[in-house]
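Reading through the structure tokens given below for one structure.
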Amino acid sequence: MKPTSSNHIYLAGLAVALALLSGVVWLGWRHAGHEQEKSALVVRAHEVQAGLNRLLALVGDIETGARGFVITGDEAFKVPFENGLKEVADQQRRLKELIRDTEQQANLSALEPLIAERIAVSRRNVELRRDSGFEAAREQVAAGKGKAVMDAIRAKLTEMDAREQALLEERSAAAQREAGHTRMVTLVGAGLSFALLIAVFALVLRENRLRQQTQDELDRFFALSLDMLGIAGTDGYFRRVNAAFTQTLGWSAAEFLARPFLDFVHPDDQAATVREVEKLAAGEKVLRFENRYQHKDGSWRVLSWKAVPQAGGEIFATGRDITERKKAEAALLKSEEKLAVTLQSIGDAVLATDAQRRVTRLNPVAEKLTGWTQAEAQGRTVDEVFNIINEETRRPAVIPIDDVLATGEIHGLANHTVLIARDGTERPIADSAAPIRDPRCDGRIRRAADVARQRGPEPRRAELHHGERRRGGPPREDHRRQRRLGAVRKREQFRLPDAGRERGGELSGSLLPRRARSRR
């Protein structure tokens, strides 16, 4: 599994866990709030019941105190009477604050005038006893008005207490249900939380196993890679190197980590190396950079680097030893230079092609004969650059390149072959084609010699005929012709030096000697 995918799954699992836990907490808080509300109503019902009982007791104290004073005339009985009068109003006010049920509020409103009337009756009895004597007060009590009011008060209070008891039972049941819901939510929440903890723990273990597996694979790749793999910091020190560093440069890993990496860089390459490190510190990639590192034996090795910056100032770099390749390139360049000098020194025209019949090289003589420069002819087909016809029939002549490829042998042109240059100039030529024998490439090389100067008087007349047709001028003197013929014969025999075999490219082998043809 990819690390990015694992991170997404881990984050998704964590988000689900947090959402479930949040839901459980919210439900628990909600049910706990409802339970508190129900419990508060239960407590309030108990307080209302207690308040009703207290109100009944106070009214009873007022009645008892007044009756005792009427019967005995003792002022001591007036104490509960007076205390009752003071407290009854406060108790009624507290009951108004406690009662929320509309029916109970209506009952309390109906009770207040009864209590007021009972207090008024008791006051008259006490005043009559004090002012008019026992008989007057007794007659008032015997009339029974006070008893009737007191019975009405007791009946109303009993009704209110029964109603409050019903409310209490209802609220107690609701509180118990809320308590049950709270316990259920708590239990379910605890179970879900436990399951989520197990799931998250399993994900963490799985992620750790994947990370460890990835780390192990990275360590194996790091250790077994043939290329130099290293982790460096922009502070100029390696933080980790693989075994290829030691195999390439001879220094131990501890030695690489203990010293700034510039200590290993050739002094002439240090400034360029610092510039590349500055690019990496700025977040740029380095796709190709070469510098020289010192081997432990004192020699210098040319290394090619690729590096990418990472977060935290780290640099991941890969290096490859290209010392031998650099030497081979230098040798090849030297061989190319030698070959170029050799080809330029040959007196005849030399043209090389690849296996697809495309021109790869022309020497200066070939450029002069064909009218094509090396840059212009490069990559063109040989038929386009090396345009030859039969001198007598004026039909295109066969270029024996395909025969050379098929047989691997040297082939020459037929007699009476004429080369038509790019500007239309015609020159009789002698030609040979030889294969390039190199396992790394496939091609052939052509050698062409201008044989107009080599031919005797009869061929010369044909040449002059064509030359006059091109130039419109008279033939040259015979002694000049003889002098040119002697110069050509001196170049009849030649061999391309073995420098061609030194190249790793298109040309290898030699031109075999071939006499210039003359028409019979």
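Letters A, B, ... go to the chains of the structure tokens in the order shown; residues in each chain start at 1; ligands are counted from 1 in the same order.
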
inquiry  = With DSSP run on the backbone, what are the strand (DSSP E) residues within region 376-427 of chain A? I'd like them as a ChimeraX atom specification.
reply    = /A:387-390,411-412,417-420,426-427

message = List the spatial neighbours of region 313-325 of chain A as a PyMOL selection string - criterion: any atom at most 8 Å away, only C-alpha atoms, same-chain residues fewer than 6 positions off excluded.
response = chain A and resi 227-234+248+280-281+301-307

Take the residues that were just selected and, keeping C-alpha atoms, output them as a PDB file, in the first residue's frame.
```
ATOM      1  CA  ASP A 227      25.310   3.559  -7.647  1.00  0.00           C
ATOM      2  CA  MET A 228      26.448   5.864  -4.892  1.00  0.00           C
ATOM      3  CA  LEU A 229      23.431   6.832  -2.780  1.00  0.00           C
ATOM      4  CA  GLY A 230      23.755   9.468  -0.097  1.00  0.00           C
ATOM      5  CA  ILE A 231      21.775  11.794   2.127  1.00  0.00           C
ATOM      6  CA  ALA A 232      23.475  15.110   2.789  1.00  0.00           C
ATOM      7  CA  GLY A 233      22.564  18.332   4.506  1.00  0.00           C
ATOM      8  CA  THR A 234      22.890  21.870   3.290  1.00  0.00           C
ATOM      9  CA  THR A 248      34.247   3.769  -5.354  1.00  0.00           C
ATOM     10  CA  LEU A 280      19.436  22.699  -3.794  1.00  0.00           C
ATOM     11  CA  ALA A 281      19.017  24.785  -0.637  1.00  0.00           C
ATOM     12  CA  ARG A 301      37.633  10.069  -9.625  1.00  0.00           C
ATOM     13  CA  VAL A 302      35.131  11.901 -11.847  1.00  0.00           C
ATOM     14  CA  LEU A 303      31.582  11.560 -10.456  1.00  0.00           C
ATOM     15  CA  SER A 304      28.265  12.423 -12.085  1.00  0.00           C
ATOM     16  CA  TRP A 305      25.532  13.520  -9.630  1.00  0.00           C
ATOM     17  CA  LYS A 306      21.776  13.864  -9.543  1.00  0.00           C
ATOM     18  CA  ALA A 307      20.203  15.425  -6.447  1.00  0.00           C
TER      19      ALA A 307
END
```

request  = Mind checking which residues fall within 10 Å of Asn83 (chain A), counting only C-alpha atoms, ignoring those fewer than 3 positions away in the same chain, and posting them as number ranges by chain?
outcome  = A: 58, 61-62, 65, 78-80, 86-88

request  = Using only C-alpha atoms, find the one residue out of A:Arg154, A:His181, A:Arg358, A:Arg292 that sits nearest to Asp269 (chain A).
outcome  =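 Closest to Asp269 (chain A), using only C-alpha atoms: A:Arg292.
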